[in-house]
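Undergrad: PDB, C-alpha atoms and all ligand atoms, file structure.pdb:
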ATOM      1  CA  MET A  14       0.000   0.000   0.000
ATOM      2  CA  GLU A  15       1.490   3.325  -1.076
ATOM      3  CA  LYS A  16       1.502   6.142   1.476
ATOM      4  CA  ILE A  17       2.017   9.452  -0.231
ATOM      5  CA  LEU A  18       3.310  12.768   1.095
ATOM      6  CA  VAL A  19       2.544  15.962  -0.833
ATOM      7  CA  ILE A  20       4.741  18.908   0.156
ATOM      8  CA  GLY A  21       3.230  22.210  -0.976
ATOM      9  CA  CYS A  22      -0.414  21.086  -1.179
ATOM     10  CA  SER A  23      -1.689  24.669  -1.016
ATOM     11  CA  GLY A  24       0.169  25.870  -4.097
ATOM     12  CA  GLN A  25      -0.832  26.025  -7.746
ATOM     13  CA  ILE A  26       0.110  22.420  -8.545
ATOM     14  CA  GLY A  27      -0.390  20.884  -5.097
ATOM     15  CA  SER A  28      -3.968  22.068  -4.691
ATOM     16  CA  GLU A  29      -4.989  20.004  -7.725
ATOM     17  CA  LEU A  30      -2.472  17.143  -7.631
ATOM     18  CA  THR A  31      -3.380  16.230  -4.033
ATOM     19  CA  LEU A  32      -7.026  15.648  -4.978
ATOM     20  CA  ALA A  33      -6.079  13.636  -8.067
ATOM     21  CA  LEU A  34      -3.788  11.425  -5.958
ATOM     22  CA  ARG A  35      -6.494  10.918  -3.328
ATOM     23  CA  LYS A  36      -8.901   9.713  -5.996
ATOM     24  CA  LEU A  37      -6.337   7.211  -7.143
ATOM     25  CA  TYR A  38      -4.778   5.979  -3.902
ATOM     26  CA  GLY A  39      -7.540   6.640  -1.365
ATOM     27  CA  ASN A  40      -8.111   9.783   0.715
ATOM     28  CA  ASP A  41      -6.403   8.485   3.837
ATOM     29  CA  ASN A  42      -3.241   7.441   2.021
ATOM     30  CA  VAL A  43      -2.373  10.900   0.718
ATOM     31  CA  PHE A  44      -0.919  13.231   3.387
ATOM     32  CA  ALA A  45      -1.222  16.849   2.348
ATOM     33  CA  THR A  46       1.272  19.282   3.904
ATOM     34  CA  ASP A  47       2.292  22.899   3.528
ATOM     35  CA  ILE A  48       3.581  25.784   5.618
ATOM     36  CA  LYS A  49       0.245  27.510   5.067
ATOM     37  CA  GLN A  50      -3.361  26.411   5.430
ATOM     38  CA  ALA A  51      -4.766  24.121   2.721
ATOM     39  CA  PRO A  52      -7.861  24.851   0.607
ATOM     40  CA  ALA A  53     -11.167  23.572   2.025
ATOM     41  CA  ASP A  54     -11.533  20.567  -0.300
ATOM     42  CA  ILE A  55      -8.135  19.244   0.798
ATOM     43  CA  LEU A  56      -8.896  19.806   4.486
ATOM     44  CA  GLU A  57     -12.222  18.034   4.145
ATOM     45  CA  SER A  58     -11.154  15.051   2.059
ATOM     46  CA  GLY A  59      -8.165  13.718   4.005
ATOM     47  CA  PRO A  60      -5.211  14.337   6.314
ATOM     48  CA  PHE A  61      -3.539  17.758   6.325
ATOM     49  CA  HIS A  62      -0.558  18.841   8.436
ATOM     50  CA  ILE A  63       1.516  21.986   8.666
ATOM     51  CA  LEU A  64       5.036  20.820   7.763
ATOM     52  CA  ASP A  65       8.183  22.723   6.822
ATOM     53  CA  VAL A  66      10.300  20.794   4.304
ATOM     54  CA  LEU A  67      13.346  22.822   5.381
ATOM     55  CA  ASP A  68      13.265  21.255   8.866
ATOM     56  CA  TYR A  69      14.833  17.859   8.140
ATOM     57  CA  ASN A  70      14.381  16.271  11.579
ATOM     58  CA  ASN A  71      10.698  17.042  11.620
ATOM     59  CA  LEU A  72      10.272  15.896   8.027
ATOM     60  CA  LEU A  73      12.006  12.571   8.671
ATOM     61  CA  HIS A  74       9.977  12.060  11.831
ATOM     62  CA  PHE A  75       6.751  12.641   9.880
ATOM     63  CA  VAL A  76       7.719  10.272   7.084
ATOM     64  CA  VAL A  77       8.659   7.466   9.487
ATOM     65  CA  ARG A  78       5.584   7.984  11.652
ATOM     66  CA  TYR A  79       3.161   7.705   8.716
ATOM     67  CA  ASN A  80       5.102   5.037   6.782
ATOM     68  CA  ILE A  81       5.441   7.295   3.726
ATOM     69  CA  THR A  82       6.670   5.554   0.551
ATOM     70  CA  GLN A  83       6.315   8.325  -2.052
ATOM     71  CA  VAL A  84       6.932  12.063  -1.911
ATOM     72  CA  TYR A  85       5.786  14.828  -4.248
ATOM     73  CA  ASN A  86       7.923  17.843  -3.353
ATOM     74  CA  LEU A  87       6.319  20.927  -4.889
ATOM     75  CA  ALA A  88       7.843  23.612  -2.655
ATOM     76  CA  ALA A  89       9.749  26.313  -4.554
ATOM     77  CA  VAL A  90      10.359  30.019  -4.971
ATOM     78  CA  LEU A  91       9.411  30.769  -8.607
ATOM     79  CA  SER A  92      11.491  32.635 -11.185
ATOM     80  CA  GLY A  93      10.328  36.243 -10.712
ATOM     81  CA  ASN A  94      10.332  36.105  -6.913
ATOM     82  CA  ALA A  95      13.715  34.361  -6.865
ATOM     83  CA  GLU A  96      15.332  37.278  -8.712
ATOM     84  CA  LYS A  97      14.311  39.563  -5.836
ATOM     85  CA  ILE A  98      15.986  37.390  -3.174
ATOM     86  CA  PRO A  99      18.636  35.383  -5.073
ATOM     87  CA  GLN A 100      20.655  33.947  -2.187
ATOM     88  CA  GLN A 101      17.596  33.066  -0.131
ATOM     89  CA  ALA A 102      15.814  31.509  -3.103
ATOM     90  CA  TRP A 103      18.831  29.292  -3.800
ATOM     91  CA  GLU A 104      18.914  28.208  -0.126
ATOM     92  CA  ILE A 105      15.208  27.402  -0.060
ATOM     93  CA  ASN A 106      14.954  25.644  -3.422
ATOM     94  CA  MET A 107      18.062  23.524  -2.913
ATOM     95  CA  LYS A 108      17.497  22.673   0.741
ATOM     96  CA  ALA A 109      13.928  21.599   0.020
ATOM     97  CA  LEU A 110      15.161  19.219  -2.665
ATOM     98  CA  MET A 111      18.160  17.883  -0.724
ATOM     99  CA  ASN A 112      15.969  17.118   2.295
ATOM    100  CA  THR A 113      13.557  15.043   0.236
ATOM    101  CA  LEU A 114      16.443  13.259  -1.520
ATOM    102  CA  GLU A 115      17.918  12.419   1.887
ATOM    103  CA  LEU A 116      14.601  10.847   2.928
ATOM    104  CA  GLY A 117      15.372   8.235   0.283
ATOM    105  CA  ARG A 118      18.474   7.211   2.231
ATOM    106  CA  ASP A 119      17.051   7.456   5.733
ATOM    107  CA  SER A 120      13.523   6.033   5.326
ATOM    108  CA  ASP A 121      11.145   4.056   3.099
ATOM    109  CA  ALA A 122      10.219   7.226   1.177
ATOM    110  CA  LYS A 123      12.378   6.251  -1.774
ATOM    111  CA  LYS A 124      10.185   7.406  -4.634
ATOM    112  CA  LEU A 125      10.345  11.141  -5.250
ATOM    113  CA  PHE A 126       8.698  13.508  -7.719
ATOM    114  CA  TRP A 127      10.282  16.938  -8.012
ATOM    115  CA  PRO A 128       9.371  19.478 -10.697
ATOM    116  CA  SER A 129      12.046  20.962 -12.881
ATOM    117  CA  SER A 130      11.258  23.685 -15.425
ATOM    118  CA  ILE A 131      11.927  25.138 -18.853
ATOM    119  CA  ALA A 132      13.994  27.607 -16.791
ATOM    120  CA  VAL A 133      16.913  25.134 -16.894
ATOM    121  CA  PHE A 134      17.563  26.467 -20.404
ATOM    122  CA  GLY A 135      19.184  29.814 -21.107
ATOM    123  CA  PRO A 136      19.923  32.355 -23.822
ATOM    124  CA  THR A 137      22.499  30.094 -25.523
ATOM    125  CA  THR A 138      20.013  27.205 -25.865
ATOM    126  CA  PRO A 139      18.289  26.705 -29.261
ATOM    127  CA  ARG A 140      14.968  28.514 -28.699
ATOM    128  CA  HIS A 141      12.645  26.619 -30.983
ATOM    129  CA  ASN A 142      11.733  22.998 -30.467
ATOM    130  CA  THR A 143      14.392  22.866 -27.726
ATOM    131  CA  PRO A 144      15.799  19.322 -27.570
ATOM    132  CA  GLN A 145      16.002  17.131 -24.475
ATOM    133  CA  MET A 146      19.804  17.207 -24.600
ATOM    134  CA  THR A 147      21.244  20.594 -25.478
ATOM    135  CA  VAL A 148      23.221  23.587 -24.210
ATOM    136  CA  MET A 149      22.062  24.497 -20.676
ATOM    137  CA  GLU A 150      23.336  27.822 -19.359
ATOM    138  CA  PRO A 151      20.440  29.260 -17.320
ATOM    139  CA  ASN A 152      20.948  32.848 -16.154
ATOM    140  CA  THR A 153      18.252  33.075 -13.476
ATOM    141  CA  VAL A 154      18.579  31.871  -9.873
ATOM    142  CA  TYR A 155      15.487  29.751 -10.323
ATOM    143  CA  GLY A 156      16.920  28.128 -13.466
ATOM    144  CA  ILE A 157      20.302  27.515 -11.857
ATOM    145  CA  SER A 158      18.611  25.834  -8.885
ATOM    146  CA  LYS A 159      16.462  23.662 -11.161
ATOM    147  CA  LEU A 160      19.427  22.553 -13.265
ATOM    148  CA  ALA A 161      21.500  21.770 -10.170
ATOM    149  CA  GLY A 162      18.489  19.929  -8.745
ATOM    150  CA  GLU A 163      18.199  17.723 -11.821
ATOM    151  CA  ARG A 164      21.868  16.816 -11.490
ATOM    152  CA  TRP A 165      21.428  15.963  -7.793
ATOM    153  CA  GLY A 166      18.349  13.866  -8.521
ATOM    154  CA  GLU A 167      20.168  11.786 -11.096
ATOM    155  CA  TYR A 168      23.131  11.486  -8.730
ATOM    156  CA  TYR A 169      21.005  10.178  -5.844
ATOM    157  CA  HIS A 170      19.383   7.706  -8.190
ATOM    158  CA  LYS A 171      22.702   6.314  -9.386
ATOM    159  CA  ARG A 172      24.570   6.487  -6.113
ATOM    160  CA  TYR A 173      21.877   5.657  -3.529
ATOM    161  CA  GLY A 174      19.061   4.076  -5.531
ATOM    162  CA  VAL A 175      16.559   6.869  -4.834
ATOM    163  CA  ASP A 176      13.681   6.545  -7.344
ATOM    164  CA  PHE A 177      13.906  10.172  -8.491
ATOM    165  CA  ARG A 178      11.537  11.319 -11.255
ATOM    166  CA  SER A 179      11.052  14.759 -12.716
ATOM    167  CA  LEU A 180       9.419  16.833 -15.466
ATOM    168  CA  ARG A 181      10.581  20.124 -16.910
ATOM    169  CA  TYR A 182       7.202  21.823 -16.676
ATOM    170  CA  PRO A 183       6.423  24.627 -19.094
ATOM    171  CA  GLY A 184       4.269  27.490 -17.770
ATOM    172  CA  LEU A 185       1.293  25.916 -16.007
ATOM    173  CA  ILE A 186      -2.149  27.411 -16.443
ATOM    174  CA  SER A 187      -4.952  26.728 -14.003
ATOM    175  CA  HIS A 188      -8.070  28.289 -12.503
ATOM    176  CA  LYS A 189      -8.104  26.806  -9.005
ATOM    177  CA  THR A 190      -5.063  28.361  -7.335
ATOM    178  CA  GLU A 191      -3.051  31.153  -8.902
ATOM    179  CA  ALA A 192       0.714  30.760  -9.100
ATOM    180  CA  GLY A 193       2.873  33.332  -7.365
ATOM    181  CA  GLY A 194       5.885  35.175  -8.678
ATOM    182  CA  GLY A 195       6.487  33.229 -11.890
ATOM    183  CA  THR A 196       7.263  34.591 -15.348
ATOM    184  CA  THR A 197       4.566  32.537 -17.052
ATOM    185  CA  ASP A 198       1.920  33.743 -14.555
ATOM    186  CA  TYR A 199       0.605  36.338 -17.009
ATOM    187  CA  ALA A 200      -1.164  33.500 -18.808
ATOM    188  CA  VAL A 201      -3.158  32.778 -15.636
ATOM    189  CA  GLU A 202      -3.770  36.398 -14.601
ATOM    190  CA  ILE A 203      -5.038  37.335 -18.044
ATOM    191  CA  TYR A 204      -8.039  34.996 -17.737
ATOM    192  CA  PHE A 205      -8.979  36.260 -14.266
ATOM    193  CA  GLU A 206      -8.707  39.877 -15.412
ATOM    194  CA  ALA A 207     -10.686  39.143 -18.563
ATOM    195  CA  ILE A 208     -13.613  37.992 -16.445
ATOM    196  CA  LYS A 209     -13.227  40.659 -13.754
ATOM    197  CA  ASN A 210     -12.374  43.768 -15.820
ATOM    198  CA  LYS A 211     -12.374  42.855 -19.518
ATOM    199  CA  SER A 212      -8.857  44.223 -19.704
ATOM    200  CA  TYR A 213      -5.315  43.209 -18.784
ATOM    201  CA  GLU A 214      -1.939  44.927 -18.658
ATOM    202  CA  CYS A 215       0.644  42.305 -19.570
ATOM    203  CA  PHE A 216       4.149  42.334 -18.066
ATOM    204  CA  LEU A 217       5.581  40.618 -21.181
ATOM    205  CA  SER A 218       5.623  42.022 -24.722
ATOM    206  CA  GLU A 219       2.998  40.908 -27.232
ATOM    207  CA  ASP A 220       5.203  38.555 -29.246
ATOM    208  CA  THR A 221       6.889  36.701 -26.367
ATOM    209  CA  ALA A 222       6.301  33.033 -27.177
ATOM    210  CA  LEU A 223       6.636  30.556 -24.290
ATOM    211  CA  PRO A 224       5.769  26.884 -23.831
ATOM    212  CA  MET A 225       2.648  26.410 -21.697
ATOM    213  CA  MET A 226       0.447  23.584 -20.452
ATOM    214  CA  PHE A 227      -3.041  23.348 -18.980
ATOM    215  CA  MET A 228      -2.995  21.981 -15.417
ATOM    216  CA  ASP A 229      -5.164  18.930 -16.223
ATOM    217  CA  ASP A 230      -2.547  17.782 -18.727
ATOM    218  CA  ALA A 231       0.281  18.491 -16.276
ATOM    219  CA  ILE A 232      -1.350  16.461 -13.471
ATOM    220  CA  HIS A 233      -2.039  13.618 -15.861
ATOM    221  CA  ALA A 234       1.585  13.631 -17.082
ATOM    222  CA  THR A 235       2.953  13.740 -13.534
ATOM    223  CA  ILE A 236       0.947  10.762 -12.361
ATOM    224  CA  LYS A 237       1.714   8.848 -15.545
ATOM    225  CA  LEU A 238       5.453   9.381 -15.084
ATOM    226  CA  MET A 239       5.233   8.238 -11.458
ATOM    227  CA  GLN A 240       3.298   5.099 -12.380
ATOM    228  CA  THR A 241       5.607   4.029 -15.199
ATOM    229  CA  ASP A 242       7.812   1.000 -14.629
ATOM    230  CA  GLY A 243      11.190   2.454 -13.647
ATOM    231  CA  GLU A 244      13.018   0.344 -16.203
ATOM    232  CA  LYS A 245      11.308   2.235 -19.012
ATOM    233  CA  LEU A 246      12.774   5.552 -17.884
ATOM    234  CA  SER A 247      15.919   6.304 -19.868
ATOM    235  CA  LEU A 248      16.328   9.611 -17.985
ATOM    236  CA  ARG A 249      16.734  10.163 -14.269
ATOM    237  CA  SER A 250      17.357  13.852 -14.601
ATOM    238  CA  SER A 251      14.162  15.440 -15.951
ATOM    239  CA  TYR A 252      11.943  15.045 -19.021
ATOM    240  CA  ASN A 253      11.111  17.863 -21.451
ATOM    241  CA  VAL A 254       7.353  18.446 -21.527
ATOM    242  CA  GLY A 255       6.197  20.786 -24.283
ATOM    243  CA  GLY A 256       2.474  21.363 -24.129
ATOM    244  CA  MET A 257       1.541  24.234 -26.429
ATOM    245  CA  SER A 258       3.364  27.431 -27.319
ATOM    246  CA  PHE A 259       1.792  30.880 -27.609
ATOM    247  CA  THR A 260       2.313  34.628 -27.186
ATOM    248  CA  PRO A 261       0.299  37.123 -25.070
ATOM    249  CA  LYS A 262      -1.214  38.469 -28.311
ATOM    250  CA  GLU A 263      -2.459  34.988 -29.190
ATOM    251  CA  VAL A 264      -4.064  34.390 -25.767
ATOM    252  CA  ALA A 265      -5.771  37.772 -26.063
ATOM    253  CA  ALA A 266      -7.154  36.777 -29.482
ATOM    254  CA  SER A 267      -8.381  33.478 -28.055
ATOM    255  CA  ILE A 268     -10.145  35.311 -25.181
ATOM    256  CA  LYS A 269     -11.721  37.812 -27.628
ATOM    257  CA  LYS A 270     -13.576  34.952 -29.303
ATOM    258  CA  HIS A 271     -15.624  34.786 -26.062
ATOM    259  CA  ILE A 272     -15.317  38.369 -24.792
ATOM    260  CA  PRO A 273     -15.170  40.560 -27.937
ATOM    261  CA  ASP A 274     -14.497  43.802 -26.040
ATOM    262  CA  PHE A 275     -11.562  42.387 -24.051
ATOM    263  CA  GLU A 276      -8.557  44.719 -24.225
ATOM    264  CA  ILE A 277      -4.887  44.013 -23.639
ATOM    265  CA  SER A 278      -2.022  46.475 -23.164
ATOM    266  CA  TYR A 279       1.677  45.785 -22.704
ATOM    267  CA  ASN A 280       4.064  47.094 -20.088
ATOM    268  CA  PRO A 281       7.045  44.698 -19.912
ATOM    269  CA  ASP A 282       8.922  44.592 -16.585
ATOM    270  CA  PHE A 283      12.013  42.698 -15.363
ATOM    271  CA  ARG A 284      10.376  39.393 -16.216
ATOM    272  CA  GLN A 285      10.722  40.150 -19.944
ATOM    273  CA  ALA A 286      14.445  39.364 -19.722
ATOM    274  CA  ILE A 287      13.681  36.075 -17.974
ATOM    275  CA  ALA A 288      11.166  35.105 -20.664
ATOM    276  CA  ASP A 289      13.615  36.088 -23.414
ATOM    277  CA  SER A 290      16.177  33.655 -21.990
ATOM    278  CA  TRP A 291      13.752  30.703 -22.105
ATOM    279  CA  PRO A 292      12.675  28.464 -25.000
ATOM    280  CA  ALA A 293       9.701  29.380 -27.180
ATOM    281  CA  SER A 294       8.766  25.751 -27.785
ATOM    282  CA  ILE A 295       9.920  22.356 -26.553
ATOM    283  CA  ASP A 296      10.677  18.982 -28.140
ATOM    284  CA  ASP A 297       9.210  16.389 -25.784
ATOM    285  CA  SER A 298       9.630  13.322 -27.984
ATOM    286  CA  VAL A 299      11.700  11.451 -25.371
ATOM    287  CA  ALA A 300       8.855  11.663 -22.835
ATOM    288  CA  ARG A 301       6.393  10.502 -25.494
ATOM    289  CA  LYS A 302       8.587   7.541 -26.351
ATOM    290  CA  ASP A 303       9.647   6.465 -22.830
ATOM    291  CA  TRP A 304       6.370   6.686 -20.937
ATOM    292  CA  GLY A 305       3.670   7.869 -23.328
ATOM    293  CA  LEU A 306       3.255  11.571 -22.555
ATOM    294  CA  ASN A 307       0.124  12.719 -24.371
ATOM    295  CA  ASP A 308      -1.427  16.092 -23.681
ATOM    296  CA  THR A 309      -4.798  17.037 -25.065
ATOM    297  CA  PHE A 310      -5.458  20.760 -24.613
ATOM    298  CA  ASN A 311      -4.675  23.502 -27.138
ATOM    299  CA  LEU A 312      -5.013  27.255 -26.620
ATOM    300  CA  ASP A 313      -8.676  27.521 -27.604
ATOM    301  CA  SER A 314      -9.887  24.470 -25.700
ATOM    302  CA  MET A 315      -8.020  25.701 -22.634
ATOM    303  CA  THR A 316      -9.453  29.219 -22.980
ATOM    304  CA  GLU A 317     -12.952  27.807 -22.997
ATOM    305  CA  VAL A 318     -12.441  25.896 -19.758
ATOM    306  CA  MET A 319     -10.544  28.717 -18.055
ATOM    307  CA  LEU A 320     -13.209  31.341 -18.770
ATOM    308  CA  ARG A 321     -16.061  29.023 -17.843
ATOM    309  CA  GLU A 322     -14.505  27.935 -14.530
ATOM    310  CA  ILE A 323     -13.360  31.404 -13.480
ATOM    311  CA  LYS A 324     -16.805  32.806 -14.192
ATOM    312  CA  LYS A 325     -18.323  30.147 -11.927
ATOM    313  CA  LYS A 326     -15.838  30.907  -9.193
ATOM    314  CA  LEU A 327     -16.176  34.691  -9.237
TER
HETATM  315  N1  LIG A 401       6.300  28.849 -14.329
HETATM  316  C1  LIG A 401       7.587  29.009 -13.761
HETATM  317  C2  LIG A 401       7.957  30.425 -13.592
HETATM  318  O1  LIG A 401       7.516  31.230 -14.382
HETATM  319  C3  LIG A 401       8.611  28.357 -14.634
HETATM  320  O2  LIG A 401       8.835  27.077 -14.215
HETATM  321  O3  LIG A 401       8.689  30.742 -12.713
END
So, in terms of structure tokens, how does the structure I just supplied come out?
TA:
Amino acid sequence: MEKILVIGCSGQIGSELTLALRKLYGNDNVFATDIKQAPADILESGPFHILDVLDYNNLLHFVVRYNITQVYNLAAVLSGNAEKIPQQAWEINMKALMNTLELGRDSDAKKLFWPSSIAVFGPTTPRHNTPQMTVMEPNTVYGISKLAGERWGEYYHKRYGVDFRSLRYPGLISHKTEAGGGTTDYAVEIYFEAIKNKSYECFLSEDTALPMMFMDDAIHATIKLMQTDGEKLSLRSSYNVGGMSFTPKEVAASIKKHIPDFEISYNPDFRQAIADSWPASIDDSVARKDWGLNDTFNLDSMTEVMLREIKKKL
């Protein structure tokens, strides 16, 4: 019987992944944790605890006490926020990962999911259809921490047998919980503002293309990767995951099909430079081949769901 620990259950990914895991493994077998309160549906459907991943003794104690076998570690400072507190962001992102890797040596929690990101690539990487194996010279703190994290994950797998698995998520778009402090967050905010105000001021320029994925596809991919027979995984660093690719101008056009008087303006800030250093689109053929990644949403089908769900919520 798998006992699963989710670290960061109150965040953008955790708030949806936790519920998907509970459906699959049973409510009582999925322990949701965060340093802040969880959303109501997580509190009501199963166990929730306040837990700080940076406190290793406490974390190990928790994992032993509840016989945890799998960990999803979703705690991170995102790209935009990390640039404001570089040294601290490095400390937090790396310590959070190292602590969950160490669990694999000290306890039965040997299977670990940890998200990497398109941020591992940098300005010297080929921008279009970025390959799995290519030049990686990230120039953001967030990207440096994700690339180092991938290397550590692979190292712990080889050296200590930790069952480390990871995806390089593109920008993730969802309506349940907004992200915080990321560069791809505009593509979430724009939908909320479209419903609230019929207008949005974008912090990236109109033609900035970035890889993006709807949360349903990301959750599906994450669980699929974790359920794949380990022998099929040719990579123990992190898999490219492409999703779709679009610009702010294209999302605005997609929204206008539903809200004709929606208006967008552009006022790029420091995040423009981060976006410019990242790929515009991703080659994820290795993930498709190794474990059958298959995403289903495109820009227009995602727009439909986003607008419908946000309208309900507001
Ligand atoms: N969505 C993240 C960010 O913008 C990238 O992984 O920081």
Undergrad: I want to know what sits within 8 Å of Ile105 (chain A), based on all atoms listed in the file, with residues of the same chain fewer than 4 positions away left out; could you give that as a list of chain:residue names?
TA: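 Neighbouring residues, sequence-local ones excluded: A:Leu67, A:Ala89, A:Val90, A:Gln101, A:Ala109.
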Undergrad: Take the residues just selected and output them with C-alpha atoms as a compact mmCIF listing (two decimals), in the coordinates of the input.
TA:
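Dumped to selection-v7.txt:
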# COMPACT_ATOMS: atom_id res chain seq x y z
CA LEU A 67 13.35 22.82 5.38
CA ALA A 89 9.75 26.31 -4.55
CA VAL A 90 10.36 30.02 -4.97
CA GLN A 101 17.60 33.07 -0.13
CA ALA A 109 13.93 21.60 0.02
Undergrad: Under the PyMOL selection byres (((chain A and resi 37) around 12) and not hetatm), which residues of this model are included? Write them out as a VMD selection string.
TA: chain A and resid 14 to 17 30 to 36 38 to 43 233 236 to 237 240
Undergrad: Name the residues that the PyMOL selection byres (((not hetatm)) within 10 of (chain A and resi 401)) picks from the file above, as a VMD selection string, using the file's chain letters and numbers.
TA: chain A and resid 89 to 95 128 to 133 153 155 to 156 159 181 to 186 192 to 200 223 to 226 284 287 to 288 291
Undergrad: Quick one: of A:Thr143, A:Thr235, A:Asn70, A:Gln83, who's nearest to Gly27 (chain A), counting all atoms listed in the file?
TA: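 Of the candidates, the smallest distance to Gly27 (chain A) is held by A:Thr235.
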Undergrad: Between CA of Glu322 (chain A) and CA of Gly21 (chain A), measure the distance and give it in Å to one decimal.
TA: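 Pair CA of Glu322 (chain A) / CA of Gly21 (chain A) returns 23.0 Å.
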Undergrad: Skipping near chain neighbours, those fewer than 4 positions away, what residues fall within 10 Å of Ala51 (chain A) using all atoms listed in the file, listed as a ChimeraX atom specification?
TA: /A:21-24,27-28,45-47,55-57,61-63
Undergrad: Can you list what the PyMOL selection byres (((chain A and resi 260-268) around 7) and not hetatm) grabs from this structure, as a PyMOL selection string?
TA: chain A and resi 219-223+259+269-272+277+313+316
Undergrad: To one decimal place in Å, what is the distance between CA of Ser294 (chain A) and CA of Gly256 (chain A)?
TA: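 We find that CA of Ser294 (chain A) and CA of Gly256 (chain A) lie 8.5 Å from each other.
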Undergrad: Quick one: residues within 8 Å of region 164-172 of chain A, all atoms listed in the file, excluding same-chain residues fewer than 5 positions away - as a list in words?
TA: Leu114, Phe177, Arg178, Arg249 and Ser250 of chain A
Undergrad: Closest to Met149 (chain A) among A:Lys324, A:Pro292, A:Glu96, A:Tyr204, using only C-alpha atoms?
TA: A:Pro292
Undergrad: Of the candidates A:Ile81, A:Ile208, A:Lys49, A:Leu217, which one gets nearest to Asn280 (chain A) if we count all atoms listed in the file?
TA: A:Leu217
Undergrad: Any idea what the distance is between CA of Pro139 (chain A) and CA of Leu180 (chain A)?
TA: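 One can read the CA of Pro139 (chain A) to CA of Leu180 (chain A) distance as 19.1 Å.
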Undergrad: Set the distance at 7 Å and use all atoms listed in the file: which residues neighbour Ser158 (chain A) once local chain neighbours fewer than 3 positions away are removed? I'd like the list as a PDB file with C-alpha atoms, in the coordinates of the input.
TA:
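Output saved as part_26.pdb:
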ATOM      1  CA  TRP A 103      18.831  29.292  -3.800  1.00  0.00           C
ATOM      2  CA  ASN A 106      14.954  25.644  -3.422  1.00  0.00           C
ATOM      3  CA  MET A 107      18.062  23.524  -2.913  1.00  0.00           C
ATOM      4  CA  VAL A 154      18.579  31.871  -9.873  1.00  0.00           C
ATOM      5  CA  TYR A 155      15.487  29.751 -10.323  1.00  0.00           C
ATOM      6  CA  ALA A 161      21.500  21.770 -10.170  1.00  0.00           C
ATOM      7  CA  GLY A 162      18.489  19.929  -8.745  1.00  0.00           C
TER       8      GLY A 162
END
Undergrad: From the set A:Ser120, A:Gln100, A:Gln50, A:Ser179, which residue has the shortest atom-to-atom contact distance to His74 (chain A), counting only C-alpha atoms?
TA: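 When distances to His74 (chain A) are compared using only C-alpha atoms, the smallest one comes from A:Ser120.
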Undergrad: What's around Val76 (chain A) at 9 Å? Count only C-alpha atoms, leave out sequence neighbours fewer than 5 positions away in its own chain, and write the answer as a ChimeraX atom specification.
TA: /A:18,71,81-82,116,120-122
Undergrad: Filtering to C-alpha atoms, could you give me those residues as an mmCIF file, keeping the file's coordinate frame?
TA:
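That gives us again-v1.cif:
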data_model
loop_
_atom_site.group_PDB
_atom_site.id
_atom_site.type_symbol
_atom_site.label_atom_id
_atom_site.label_comp_id
_atom_site.auth_asym_id
_atom_site.auth_seq_id
_atom_site.Cartn_x
_atom_site.Cartn_y
_atom_site.Cartn_z
ATOM 1 C CA LEU A 18 3.310 12.768 1.095
ATOM 2 C CA ASN A 71 10.698 17.042 11.620
ATOM 3 C CA ILE A 81 5.441 7.295 3.726
ATOM 4 C CA THR A 82 6.670 5.554 0.551
ATOM 5 C CA LEU A 116 14.601 10.847 2.928
ATOM 6 C CA SER A 120 13.523 6.033 5.326
ATOM 7 C CA ASP A 121 11.145 4.056 3.099
ATOM 8 C CA ALA A 122 10.219 7.226 1.177
#
